[in-house]
$ cat data-v9.txt   # compact mmCIF, C-alpha atoms
# COMPACT_ATOMS: atom_id res chain seq x y z
CA MET A 26 33.53 66.74 -4.48
CA PRO A 27 31.44 68.44 -1.82
CA LYS A 28 28.77 69.38 -4.30
CA ILE A 29 28.11 65.79 -5.37
CA VAL A 30 28.08 64.62 -1.75
CA ASP A 31 25.58 67.35 -0.98
CA HIS A 32 23.47 66.31 -3.90
CA ALA A 33 23.37 62.68 -2.74
CA ALA A 34 22.64 63.69 0.86
CA ARG A 35 19.77 65.93 -0.26
CA ARG A 36 18.34 63.16 -2.41
CA ASP A 37 18.42 60.78 0.55
CA GLU A 38 16.85 63.38 2.80
CA ILE A 39 13.97 63.97 0.39
CA ALA A 40 13.42 60.22 -0.04
CA GLN A 41 13.34 59.79 3.72
CA VAL A 42 10.79 62.57 4.11
CA ALA A 43 8.75 61.02 1.28
CA CYS A 44 8.55 57.76 3.20
CA ARG A 45 7.08 59.61 6.21
CA VAL A 46 4.66 61.62 4.07
CA VAL A 47 3.38 58.47 2.34
CA ALA A 48 2.98 56.78 5.75
CA ASN A 49 1.06 59.77 7.14
CA TYR A 50 -1.08 60.86 4.20
CA GLY A 51 -1.43 57.75 2.06
CA PHE A 52 0.13 57.13 -1.33
CA GLU A 53 -1.96 59.42 -3.51
CA GLN A 54 -1.96 62.39 -1.12
CA ALA A 55 1.82 62.22 -0.94
CA THR A 56 2.29 64.60 -3.86
CA VAL A 57 5.68 66.04 -4.82
CA ALA A 58 4.44 69.42 -3.52
CA ARG A 59 3.56 67.93 -0.12
CA ILE A 60 6.84 66.02 0.09
CA ALA A 61 8.73 69.22 -0.79
CA ARG A 62 6.85 71.19 1.87
CA ALA A 63 7.53 68.54 4.52
CA ALA A 64 11.23 68.60 3.63
CA GLY A 65 11.33 72.41 3.78
CA TYR A 66 11.95 72.82 0.06
CA THR A 67 9.97 74.31 -2.79
CA THR A 68 8.57 71.99 -5.44
CA GLY A 69 11.04 73.54 -7.87
CA MET A 70 13.98 72.64 -5.63
CA VAL A 71 12.79 69.03 -5.38
CA ALA A 72 12.55 68.92 -9.17
CA HIS A 73 16.27 69.61 -9.13
CA TYR A 74 16.81 66.26 -7.38
CA TYR A 75 14.03 64.09 -8.77
CA GLU A 76 12.21 64.08 -12.05
CA SER A 77 8.99 62.54 -10.74
CA LYS A 78 7.19 61.17 -7.72
CA GLN A 79 7.91 57.71 -9.09
CA GLU A 80 11.63 58.46 -8.86
CA ILE A 81 11.30 59.65 -5.27
CA ILE A 82 9.43 56.47 -4.34
CA LEU A 83 12.08 54.33 -6.00
CA ALA A 84 14.75 56.17 -3.98
CA ALA A 85 12.73 55.66 -0.79
CA LEU A 86 12.47 51.93 -1.49
CA ARG A 87 16.22 51.76 -2.12
CA LEU A 88 16.92 53.57 1.14
CA MET A 89 14.71 51.18 3.09
CA LEU A 90 16.41 48.17 1.56
CA LEU A 91 19.80 49.62 2.41
CA ARG A 92 18.73 50.35 5.96
CA ILE A 93 17.38 46.87 6.48
CA GLU A 94 20.56 45.38 5.08
CA GLU A 95 22.63 47.52 7.47
CA ARG A 96 20.50 46.44 10.41
CA LEU A 97 20.84 42.79 9.49
CA THR A 98 24.62 43.16 9.22
CA ARG A 99 24.84 44.99 12.54
CA GLU A 100 22.79 42.24 14.13
CA ARG A 101 25.20 39.61 12.82
CA GLU A 102 28.15 41.31 14.50
CA ARG A 103 26.69 40.79 17.94
CA ASP A 104 27.73 37.66 19.79
CA GLU A 105 24.41 36.16 20.76
CA ALA A 106 22.74 37.33 17.58
CA ASN A 107 19.89 35.14 16.39
CA LEU A 108 17.49 34.90 13.50
CA LEU A 109 14.51 36.20 15.47
CA GLU A 110 16.31 39.42 16.36
CA ALA A 111 17.60 39.84 12.84
CA LEU A 112 14.19 39.41 11.20
CA SER A 113 12.52 41.59 13.84
CA GLU A 114 14.50 44.44 12.30
CA ALA A 115 11.90 44.45 9.53
CA LEU A 116 8.88 44.64 11.87
CA ALA A 117 7.06 47.75 13.11
CA ILE A 118 8.75 47.63 16.53
CA ASP A 119 9.75 51.29 16.95
CA SER A 120 8.61 54.59 15.46
CA GLN A 121 11.09 54.63 12.56
CA ARG A 122 10.18 51.09 11.58
CA PHE A 123 6.49 51.76 12.10
CA THR A 124 6.78 54.56 9.54
CA GLU A 125 8.53 52.21 7.14
CA CYS A 126 5.84 49.57 7.59
CA ALA A 127 3.10 52.19 7.16
CA PHE A 128 4.85 53.25 3.95
CA TRP A 129 4.73 49.62 2.81
CA MET A 130 1.03 49.35 3.47
CA ALA A 131 0.33 52.56 1.55
CA PHE A 132 2.55 51.33 -1.28
CA TRP A 133 0.96 47.87 -1.42
CA GLY A 134 -2.46 49.49 -1.37
CA GLN A 135 -1.61 51.18 -4.65
CA VAL A 136 0.18 48.28 -6.36
CA SER A 137 -2.84 46.60 -7.92
CA ALA A 138 -3.92 49.95 -9.43
CA ASP A 139 -0.53 50.79 -10.95
CA LYS A 140 1.59 48.58 -13.21
CA LYS A 141 4.79 50.54 -12.65
CA LEU A 142 4.44 50.10 -8.90
CA LYS A 143 3.83 46.40 -9.44
CA ARG A 144 7.17 46.11 -11.22
CA LEU A 145 8.92 48.11 -8.50
CA ASN A 146 7.32 45.87 -5.91
CA ALA A 147 8.45 42.71 -7.69
CA TRP A 148 12.02 43.99 -7.74
CA VAL A 149 12.13 45.05 -4.09
CA HIS A 150 10.39 41.82 -3.05
CA ARG A 151 13.14 39.77 -4.72
CA GLU A 152 15.79 41.84 -2.93
CA TYR A 153 14.11 41.23 0.44
CA MET A 154 13.86 37.51 -0.25
CA ARG A 155 17.57 37.41 -1.02
CA LEU A 156 18.40 39.26 2.20
CA PHE A 157 16.16 37.03 4.28
CA GLU A 158 17.52 33.88 2.70
CA ARG A 159 21.02 35.02 3.62
CA CYS A 160 19.86 35.46 7.22
CA PHE A 161 18.43 31.96 7.35
CA SER A 162 21.60 30.42 5.99
CA GLU A 163 23.75 32.33 8.47
CA TYR A 164 21.73 31.71 11.61
CA TRP A 165 20.34 28.23 11.09
CA SER A 166 23.21 25.78 10.69
CA GLU A 167 20.96 23.09 9.19
CA TRP A 168 19.54 25.43 6.52
CA SER A 169 21.84 24.49 3.65
CA ALA A 170 21.28 20.77 4.27
CA TRP A 171 17.53 21.07 3.68
CA PRO A 172 16.15 20.38 0.20
CA GLN A 173 15.38 23.45 -1.91
CA ALA A 174 11.62 22.83 -1.71
CA THR A 175 11.75 22.84 2.10
CA ARG A 176 13.81 26.03 2.19
CA ASP A 177 11.43 27.70 -0.25
CA GLN A 178 8.46 26.70 1.83
CA VAL A 179 9.98 28.01 5.08
CA LEU A 180 11.10 31.26 3.48
CA ARG A 181 7.72 31.80 1.84
CA SER A 182 5.82 31.10 5.07
CA VAL A 183 8.00 33.42 7.13
CA VAL A 184 7.82 36.28 4.65
CA THR A 185 4.05 35.83 4.36
CA PHE A 186 3.75 35.89 8.13
CA MET A 187 5.92 39.01 8.40
CA ASN A 188 3.78 40.75 5.78
CA GLY A 189 0.75 39.83 7.86
CA LEU A 190 2.40 41.24 10.98
CA THR A 191 3.14 44.45 9.07
CA ALA A 192 -0.50 44.74 8.03
CA SER A 193 -1.75 44.03 11.55
CA ALA A 194 0.68 46.36 13.31
CA VAL A 195 -0.01 49.26 10.95
CA THR A 196 -3.79 48.92 10.88
CA SER A 197 -4.26 48.02 14.58
CA PRO A 198 -1.18 49.44 16.37
CA ARG A 199 -2.77 49.16 19.83
CA ASP A 200 -3.38 45.45 19.46
CA TRP A 201 0.17 44.84 18.26
CA PRO A 202 2.84 46.15 20.65
CA ALA A 203 6.43 45.30 19.66
CA ASP A 204 6.78 42.34 22.04
CA MET A 205 3.65 40.68 20.71
CA GLN A 206 4.91 40.98 17.12
CA VAL A 207 8.23 39.43 18.13
CA GLU A 208 6.55 36.65 20.13
CA GLN A 209 4.34 35.75 17.19
CA LEU A 210 7.33 35.65 14.87
CA ARG A 211 9.23 33.51 17.40
CA LEU A 212 6.48 30.87 17.44
CA GLN A 213 6.38 30.91 13.65
CA LEU A 214 10.14 30.38 13.35
CA ASP A 215 10.12 27.60 15.97
CA LEU A 216 7.29 25.72 14.27
CA LEU A 217 8.76 26.00 10.80
CA ARG A 218 12.23 25.00 11.95
CA GLN A 219 10.86 21.87 13.65
CA TRP A 220 8.71 21.06 10.62
CA ALA A 221 11.63 21.42 8.20
CA GLY A 222 13.93 19.39 10.47
CA LYS A 223 11.46 16.49 10.72
CA ARG A 224 10.82 16.57 7.01
CA ALA A 225 14.54 16.45 6.27
CA THR A 226 15.01 13.49 8.65
CA LYS A 227 12.17 11.57 7.04
CA SER A 228 13.47 12.05 3.52
CA ARG A 229 16.88 10.64 4.41
CA MET B 8 -42.84 47.37 -0.61
CA PRO B 9 -41.16 47.10 -4.01
CA LYS B 10 -39.70 50.57 -3.72
CA ILE B 11 -37.81 49.80 -0.52
CA VAL B 12 -36.54 46.51 -1.94
CA ASP B 13 -35.33 48.40 -4.99
CA HIS B 14 -33.62 50.93 -2.81
CA ALA B 15 -31.76 48.24 -0.87
CA ALA B 16 -30.80 46.39 -4.05
CA ARG B 17 -29.45 49.58 -5.60
CA ARG B 18 -27.46 50.37 -2.48
CA ASP B 19 -25.90 46.90 -2.57
CA GLU B 20 -25.16 47.23 -6.25
CA ILE B 21 -23.37 50.54 -5.77
CA ALA B 22 -21.38 49.17 -2.81
CA GLN B 23 -20.35 46.17 -4.88
CA VAL B 24 -19.20 48.39 -7.74
CA ALA B 25 -17.33 50.57 -5.21
CA CYS B 26 -15.36 47.53 -4.04
CA ARG B 27 -14.25 46.87 -7.62
CA VAL B 28 -13.40 50.52 -8.28
CA VAL B 29 -11.29 50.73 -5.11
CA ALA B 30 -9.53 47.51 -6.08
CA ASN B 31 -8.81 48.80 -9.59
CA TYR B 32 -7.97 52.46 -8.98
CA GLY B 33 -6.81 52.62 -5.38
CA PHE B 34 -8.63 54.15 -2.45
CA GLU B 35 -8.21 57.83 -3.22
CA GLN B 36 -8.96 57.59 -6.93
CA ALA B 37 -12.19 55.76 -6.14
CA THR B 38 -14.21 58.98 -5.97
CA VAL B 39 -18.01 59.01 -5.73
CA ALA B 40 -18.07 60.30 -9.33
CA ARG B 41 -15.97 57.38 -10.55
CA ILE B 42 -18.00 54.84 -8.58
CA ALA B 43 -21.21 56.35 -10.02
CA ARG B 44 -19.84 56.17 -13.56
CA ALA B 45 -18.76 52.55 -13.13
CA ALA B 46 -22.24 51.67 -11.84
CA GLY B 47 -23.90 53.48 -14.76
CA TYR B 48 -25.40 56.21 -12.58
CA THR B 49 -24.89 59.93 -12.30
CA THR B 50 -23.21 61.30 -9.18
CA GLY B 51 -26.56 62.87 -8.28
CA MET B 52 -28.29 59.49 -8.42
CA VAL B 53 -25.67 57.94 -6.14
CA ALA B 54 -26.20 60.83 -3.70
CA HIS B 55 -29.77 59.58 -3.47
CA TYR B 56 -28.47 56.31 -1.96
CA TYR B 57 -25.39 57.40 -0.05
CA GLU B 58 -24.45 60.64 1.66
CA SER B 59 -20.68 60.21 1.31
CA LYS B 60 -17.89 58.01 0.05
CA GLN B 61 -17.33 56.95 3.65
CA GLU B 62 -20.90 55.59 3.72
CA ILE B 63 -20.37 53.66 0.49
CA ILE B 64 -17.18 52.14 1.88
CA LEU B 65 -18.97 51.14 5.07
CA ALA B 66 -21.66 49.45 2.98
CA ALA B 67 -19.00 47.66 0.91
CA LEU B 68 -17.34 46.38 4.09
CA ARG B 69 -20.72 45.17 5.40
CA LEU B 70 -21.42 43.37 2.12
CA MET B 71 -18.06 41.63 2.20
CA LEU B 72 -18.60 40.51 5.79
CA LEU B 73 -22.03 39.19 4.88
CA ARG B 74 -20.65 37.38 1.86
CA ILE B 75 -17.90 35.75 3.84
CA GLU B 76 -20.38 34.69 6.50
CA GLU B 77 -22.60 33.14 3.82
CA ARG B 78 -19.66 31.29 2.32
CA LEU B 79 -18.63 29.95 5.69
CA THR B 80 -22.16 28.74 6.37
CA ARG B 81 -22.44 27.11 2.95
CA GLU B 82 -19.12 25.40 3.55
CA ARG B 83 -20.44 23.98 6.83
CA GLU B 84 -23.38 22.37 5.11
CA ARG B 85 -21.16 20.16 3.03
CA ASP B 86 -20.40 16.71 4.36
CA GLU B 87 -16.63 16.61 4.23
CA ALA B 88 -16.32 20.28 5.06
CA ASN B 89 -13.12 21.25 6.84
CA LEU B 90 -11.50 24.30 8.35
CA LEU B 91 -9.01 24.77 5.53
CA GLU B 92 -11.77 24.99 2.93
CA ALA B 93 -13.81 27.31 5.11
CA LEU B 94 -10.96 29.74 5.76
CA SER B 95 -9.86 29.60 2.13
CA GLU B 96 -13.14 31.37 1.38
CA ALA B 97 -11.41 34.55 2.57
CA LEU B 98 -8.35 34.17 0.32
CA ALA B 99 -7.80 35.62 -3.15
CA ILE B 100 -8.52 32.29 -4.88
CA ASP B 101 -10.86 33.46 -7.67
CA SER B 102 -11.56 36.74 -9.41
CA GLN B 103 -14.36 37.88 -7.09
CA ARG B 104 -12.26 37.16 -4.03
CA PHE B 105 -9.19 38.68 -5.63
CA THR B 106 -11.17 41.91 -6.04
CA GLU B 107 -12.21 41.76 -2.39
CA CYS B 108 -8.62 41.20 -1.28
CA ALA B 109 -7.40 44.02 -3.52
CA PHE B 110 -10.05 46.22 -1.91
CA TRP B 111 -8.65 45.25 1.50
CA MET B 112 -5.14 46.17 0.51
CA ALA B 113 -6.26 49.57 -0.81
CA PHE B 114 -8.30 50.10 2.35
CA TRP B 115 -5.46 49.10 4.70
CA GLY B 116 -3.11 51.34 2.76
CA GLN B 117 -5.26 54.30 3.73
CA VAL B 118 -5.98 53.32 7.35
CA SER B 119 -2.93 54.88 8.96
CA ALA B 120 -3.70 58.20 7.19
CA ASP B 121 -7.37 58.33 8.22
CA LYS B 122 -8.78 57.98 11.75
CA LYS B 123 -12.31 57.23 10.60
CA LEU B 124 -11.04 54.35 8.48
CA LYS B 125 -9.04 53.12 11.45
CA ARG B 126 -12.26 52.87 13.49
CA LEU B 127 -14.07 51.14 10.63
CA ASN B 128 -11.18 48.73 10.32
CA ALA B 129 -11.20 47.95 14.06
CA TRP B 130 -14.90 47.14 13.88
CA VAL B 131 -14.69 44.92 10.80
CA HIS B 132 -11.59 43.20 12.18
CA ARG B 133 -13.50 42.23 15.35
CA GLU B 134 -16.33 40.86 13.22
CA TYR B 135 -13.91 38.76 11.18
CA MET B 136 -12.26 37.44 14.35
CA ARG B 137 -15.65 36.40 15.67
CA LEU B 138 -16.48 34.60 12.41
CA PHE B 139 -13.14 32.83 12.30
CA GLU B 140 -13.33 31.83 15.95
CA ARG B 141 -16.73 30.26 15.24
CA CYS B 142 -15.14 28.29 12.39
CA PHE B 143 -12.37 26.98 14.62
CA SER B 144 -14.80 25.87 17.29
CA GLU B 145 -17.00 24.09 14.75
CA TYR B 146 -14.30 22.29 12.79
CA TRP B 147 -11.71 21.47 15.43
CA SER B 148 -13.30 19.29 18.09
CA GLU B 149 -10.50 19.99 20.60
CA TRP B 150 -10.78 23.77 20.24
CA SER B 151 -13.01 24.46 23.24
CA ALA B 152 -10.82 22.32 25.52
CA TRP B 153 -7.75 24.49 24.88
CA PRO B 154 -6.97 27.32 27.31
CA GLN B 155 -8.02 30.80 26.19
CA ALA B 156 -4.40 31.91 25.74
CA THR B 157 -3.73 29.03 23.35
CA ARG B 158 -6.87 29.71 21.36
CA ASP B 159 -5.97 33.42 21.16
CA GLN B 160 -2.49 32.59 19.97
CA VAL B 161 -3.72 30.21 17.25
CA LEU B 162 -6.41 32.61 16.07
CA ARG B 163 -3.99 35.52 16.00
CA SER B 164 -1.36 33.56 14.10
CA VAL B 165 -3.82 32.28 11.51
CA VAL B 166 -5.38 35.69 10.91
CA THR B 167 -1.92 37.27 10.64
CA PHE B 168 -0.90 34.61 8.15
CA MET B 169 -4.07 35.11 6.11
CA ASN B 170 -3.46 38.87 6.03
CA GLY B 171 0.02 38.12 4.76
CA LEU B 172 -1.38 35.81 2.08
CA THR B 173 -3.78 38.58 1.06
CA ALA B 174 -0.90 41.05 0.74
CA SER B 175 1.24 38.58 -1.22
CA ALA B 176 -1.54 37.45 -3.57
CA VAL B 177 -2.63 41.00 -4.38
CA THR B 178 0.83 42.46 -4.87
CA SER B 179 2.39 39.42 -6.64
CA PRO B 180 -0.56 37.53 -8.18
CA ARG B 181 1.68 35.48 -10.50
CA ASP B 182 3.71 34.09 -7.61
CA TRP B 183 0.59 33.18 -5.67
CA PRO B 184 -1.83 30.95 -7.60
CA ALA B 185 -4.84 29.74 -5.61
CA ASP B 186 -3.41 26.30 -4.83
CA MET B 187 -0.23 27.75 -3.40
CA GLN B 188 -2.20 30.05 -1.09
CA VAL B 189 -4.27 27.09 0.11
CA GLU B 190 -1.20 24.89 0.57
CA GLN B 191 0.52 27.53 2.65
CA LEU B 192 -2.55 27.95 4.81
CA ARG B 193 -2.83 24.16 5.20
CA LEU B 194 0.73 23.94 6.58
CA GLN B 195 0.02 26.81 8.92
CA LEU B 196 -3.14 25.18 10.28
CA ASP B 197 -1.40 21.81 10.70
CA LEU B 198 1.54 23.30 12.58
CA LEU B 199 -0.61 25.41 14.89
CA ARG B 200 -3.01 22.58 15.62
CA GLN B 201 -0.13 20.27 16.59
CA TRP B 202 1.48 23.01 18.66
CA ALA B 203 -1.74 23.77 20.53
CA GLY B 204 -2.45 20.08 21.09
CA LYS B 205 1.00 19.43 22.57
CA ARG B 206 0.77 22.51 24.73
CA ALA B 207 -2.61 21.42 26.07
CA THR B 208 -1.30 17.93 26.87
CA LYS B 209 1.70 19.34 28.72
CA SER B 210 -0.38 21.67 30.86
CA ARG B 211 -2.63 18.86 32.05
$ encode --input "data-v9.txt" --output "structure tokens"
Amino acid sequence: MPKIVDHAARRDEIAQVACRVVANYGFEQATVARIARAAGYTTGMVAHYYESKQEIILAALRLMLLRIEERLTRERERDEANLLEALSEALAIDSQRFTECAFWMAFWGQVSADKKLKRLNAWVHREYMRLFERCFSEYWSEWSAWPQATRDQVLRSVVTFMNGLTASAVTSPRDWPADMQVEQLRLQLDLLRQWAGKRATKSR
Amino acid sequence: MPKIVDHAARRDEIAQVACRVVANYGFEQATVARIARAAGYTTGMVAHYYESKQEIILAALRLMLLRIEERLTRERERDEANLLEALSEALAIDSQRFTECAFWMAFWGQVSADKKLKRLNAWVHREYMRLFERCFSEYWSEWSAWPQATRDQVLRSVVTFMNGLTASAVTSPRDWPADMQVEQLRLQLDLLRQWAGKRATKSR
């Protein structure tokens, strides 16, 4: 079925370009026409693959989720893999990931003005939480022994911190080179792991 | 000089409305015409007070900085004032502050697409850092005894975390009631204070 494969590949390509266009021009300026132009298609050709900008954005979000899942899996296959390296996959530490993070900022910037985007965001946020939780349980042997409330707290703090890193790295890239982002996340993980460990010991 | 006072008051009023319009409609949709309409003025009347949207946004940023500085000062005048309460003044814990945080998200979402906004953001970020640093030095007696690198690390982590809380509260308001935001910040402050204290003891 070469035609269907082509269709899927084209859809992915357009979604990928859309992510870059949103990162570079902001959410509103990333019109279907501009996305089409950046992908080397006419607006009419894009309409063949997507019915609306909303649909393109949804596809872009799906692609990013898939990519992050792949990266997390790849990380796990390495011998000395650790949680810090796995989670760093979601930070703005190279140009591709910077674009993804810039997309996120543009997207978040529009969420409070748009109910449909809010729903999309809620869905993708849940998916990320699930992925991250899986990482914690795979890399931290004590994770599953902690009470649910402790795990929730750690997960919530780490995701909040990573969102903050995303905001900082995208809005002040010069102040936030890759190694500083990773160092900050390392401290955060260390502190939360110690805190959760102590709390678990006390409650026994 | 009643006329000059009026002029200043009108400028503030328009800037305040602009903050709300940006929060509600997103950065791009917050045109001068829409801001004027929301303030009950004609576009021509707004042009009397501001030359451009950029100027209105700058004024809105200045107002927010001023407001946060006032809140921090007010907080200090209370007897049992503490750092957590002071810093919470910058979180989305009531409707006015939610609007300010939503403005920030919309603004950040546009920063990577607009060099002028990037400069504005760098300036306002430095101002916030200065304000927050002042808070730390006033509320934490050990602050000034810590090495510069430790203070930088704590300040950077806390600001990153607060940016993350802003992003979470604005994009998922239901998941982030005020008390949860404050609780998360409390844990963060506790952990970083302990970490910095231990580090300072070791280095002695």
$ residues_around --input "data-v9.txt" --residues "A:Leu190" --least-positions-apart "2" --cutoff "10 Å" --atoms "only C-alpha atoms" --output "VMD selection string"
(chain A and resid 116 to 117 126 184 to 188 192 to 196 201 205 to 207 209 to 210) or (chain B and resid 163 to 164 166 to 168 170 to 171)
$ write_last_selection --input "data-v9.txt" --atoms "C-alpha atoms" --output "CSV table (one decimal), in the frame of the given file"
chain,number,residue,atom,x,y,z
A,116,LEU,CA,8.9,44.6,11.9
A,117,ALA,CA,7.1,47.8,13.1
A,126,CYS,CA,5.8,49.6,7.6
A,184,VAL,CA,7.8,36.3,4.6
A,185,THR,CA,4.0,35.8,4.4
A,186,PHE,CA,3.8,35.9,8.1
A,187,MET,CA,5.9,39.0,8.4
A,188,ASN,CA,3.8,40.8,5.8
A,192,ALA,CA,-0.5,44.7,8.0
A,193,SER,CA,-1.8,44.0,11.6
A,194,ALA,CA,0.7,46.4,13.3
A,195,VAL,CA,0.0,49.3,11.0
A,196,THR,CA,-3.8,48.9,10.9
A,201,TRP,CA,0.2,44.8,18.3
A,205,MET,CA,3.6,40.7,20.7
A,206,GLN,CA,4.9,41.0,17.1
A,207,VAL,CA,8.2,39.4,18.1
A,209,GLN,CA,4.3,35.8,17.2
A,210,LEU,CA,7.3,35.6,14.9
B,163,ARG,CA,-4.0,35.5,16.0
B,164,SER,CA,-1.4,33.6,14.1
B,166,VAL,CA,-5.4,35.7,10.9
B,167,THR,CA,-1.9,37.3,10.6
B,168,PHE,CA,-0.9,34.6,8.2
B,170,ASN,CA,-3.5,38.9,6.0
B,171,GLY,CA,0.0,38.1,4.8
$ interface_residues --input "data-v9.txt" --of "chain A" --to "chain B" --cutoff "10 Å" --atoms "only C-alpha atoms" --output "VMD selection string"
chain A and resid 46 to 54 124 127 to 139 142 to 144 146 to 147 150 178 to 179 181 to 198 200 208 to 210 212 to 213 216 to 217 219 to 220
$ residues_around --input "data-v9.txt" --residues "A:Leu88" --least-positions-apart "4" --cutoff "9 Å" --atoms "all atoms listed in the file" --output "PDB file with C-alpha atoms, keeping the file's coordinate frame"
ATOM      1  CA  ASP A  37      18.420  60.780   0.550  1.00  0.00           C
ATOM      2  CA  ALA A  40      13.420  60.220  -0.040  1.00  0.00           C
ATOM      3  CA  GLN A  41      13.340  59.790   3.720  1.00  0.00           C
ATOM      4  CA  LEU A  83      12.080  54.330  -6.000  1.00  0.00           C
ATOM      5  CA  ALA A  84      14.750  56.170  -3.980  1.00  0.00           C
ATOM      6  CA  ARG A  92      18.730  50.350   5.960  1.00  0.00           C
ATOM      7  CA  ILE A  93      17.380  46.870   6.480  1.00  0.00           C
TER       8      ILE A  93
END
$ closest_residue --input "data-v9.txt" --among "A:Glu80, A:Arg159, A:Thr68, A:Ala63" --to "A:Arg36" --atoms "all atoms listed in the file"
A:Glu80
$ atom_distance --input "data-v9.txt" --atom1 "atom CA of A:Arg199" --atom2 "atom CA of B:Val131"
15.5 Å
$ residues_around --input "data-v9.txt" --residues "A:Ser77" --least-positions-apart "6" --cutoff "10 Å" --atoms "only C-alpha atoms" --output "VMD selection string"
chain A and resid 56 to 57 71 83
$ atom_distance --input "data-v9.txt" --atom1 "atom CA of B:Asp159" --atom2 "atom CA of B:Leu79"
20.3 Å
$ closest_residue --input "data-v9.txt" --among "A:Lys223, A:Gln79, A:Leu86, A:Leu156" --to "A:Lys140" --atoms "all atoms listed in the file"
A:Gln79
$ atom_distance --input "data-v9.txt" --atom1 "atom CA of A:Arg218" --atom2 "atom CA of A:Leu90"
25.7 Å
$ residues_around --input "data-v9.txt" --residues "stretch 167-171 of chain A" --least-positions-apart "4" --cutoff "8 Å" --atoms "only C-alpha atoms" --output "NGL selection string"
:A and (161-162 or 175-176 or 221-222 or 225)
$ decode --input "data-v9.txt" --residues "stretch 109-128 of chain A" --atoms "C-alpha atoms" --output "PDB file, in the first residue's frame"
ATOM      1  CA  LEU A 109      18.294  12.174  34.784  1.00  0.00           C
ATOM      2  CA  GLU A 110      19.336  11.291  31.240  1.00  0.00           C
ATOM      3  CA  ALA A 111      15.919   9.912  30.429  1.00  0.00           C
ATOM      4  CA  LEU A 112      14.044  13.001  31.637  1.00  0.00           C
ATOM      5  CA  SER A 113      16.577  15.326  30.005  1.00  0.00           C
ATOM      6  CA  GLU A 114      15.210  14.007  26.716  1.00  0.00           C
ATOM      7  CA  ALA A 115      12.263  16.347  27.265  1.00  0.00           C
ATOM      8  CA  LEU A 116      14.392  19.470  27.884  1.00  0.00           C
ATOM      9  CA  ALA A 117      15.534  22.071  25.345  1.00  0.00           C
ATOM     10  CA  ILE A 118      19.062  20.631  25.139  1.00  0.00           C
ATOM     11  CA  ASP A 119      19.583  20.594  21.359  1.00  0.00           C
ATOM     12  CA  SER A 120      18.053  22.409  18.405  1.00  0.00           C
ATOM     13  CA  GLN A 121      15.332  19.834  17.677  1.00  0.00           C
ATOM     14  CA  ARG A 122      14.260  19.776  21.310  1.00  0.00           C
ATOM     15  CA  PHE A 123      14.530  23.541  21.573  1.00  0.00           C
ATOM     16  CA  THR A 124      12.021  23.789  18.720  1.00  0.00           C
ATOM     17  CA  GLU A 125       9.722  21.357  20.506  1.00  0.00           C
ATOM     18  CA  CYS A 126       9.964  23.339  23.737  1.00  0.00           C
ATOM     19  CA  ALA A 127       9.363  26.608  21.854  1.00  0.00           C
ATOM     20  CA  PHE A 128       6.299  24.969  20.320  1.00  0.00           C
TER      21      PHE A 128
END
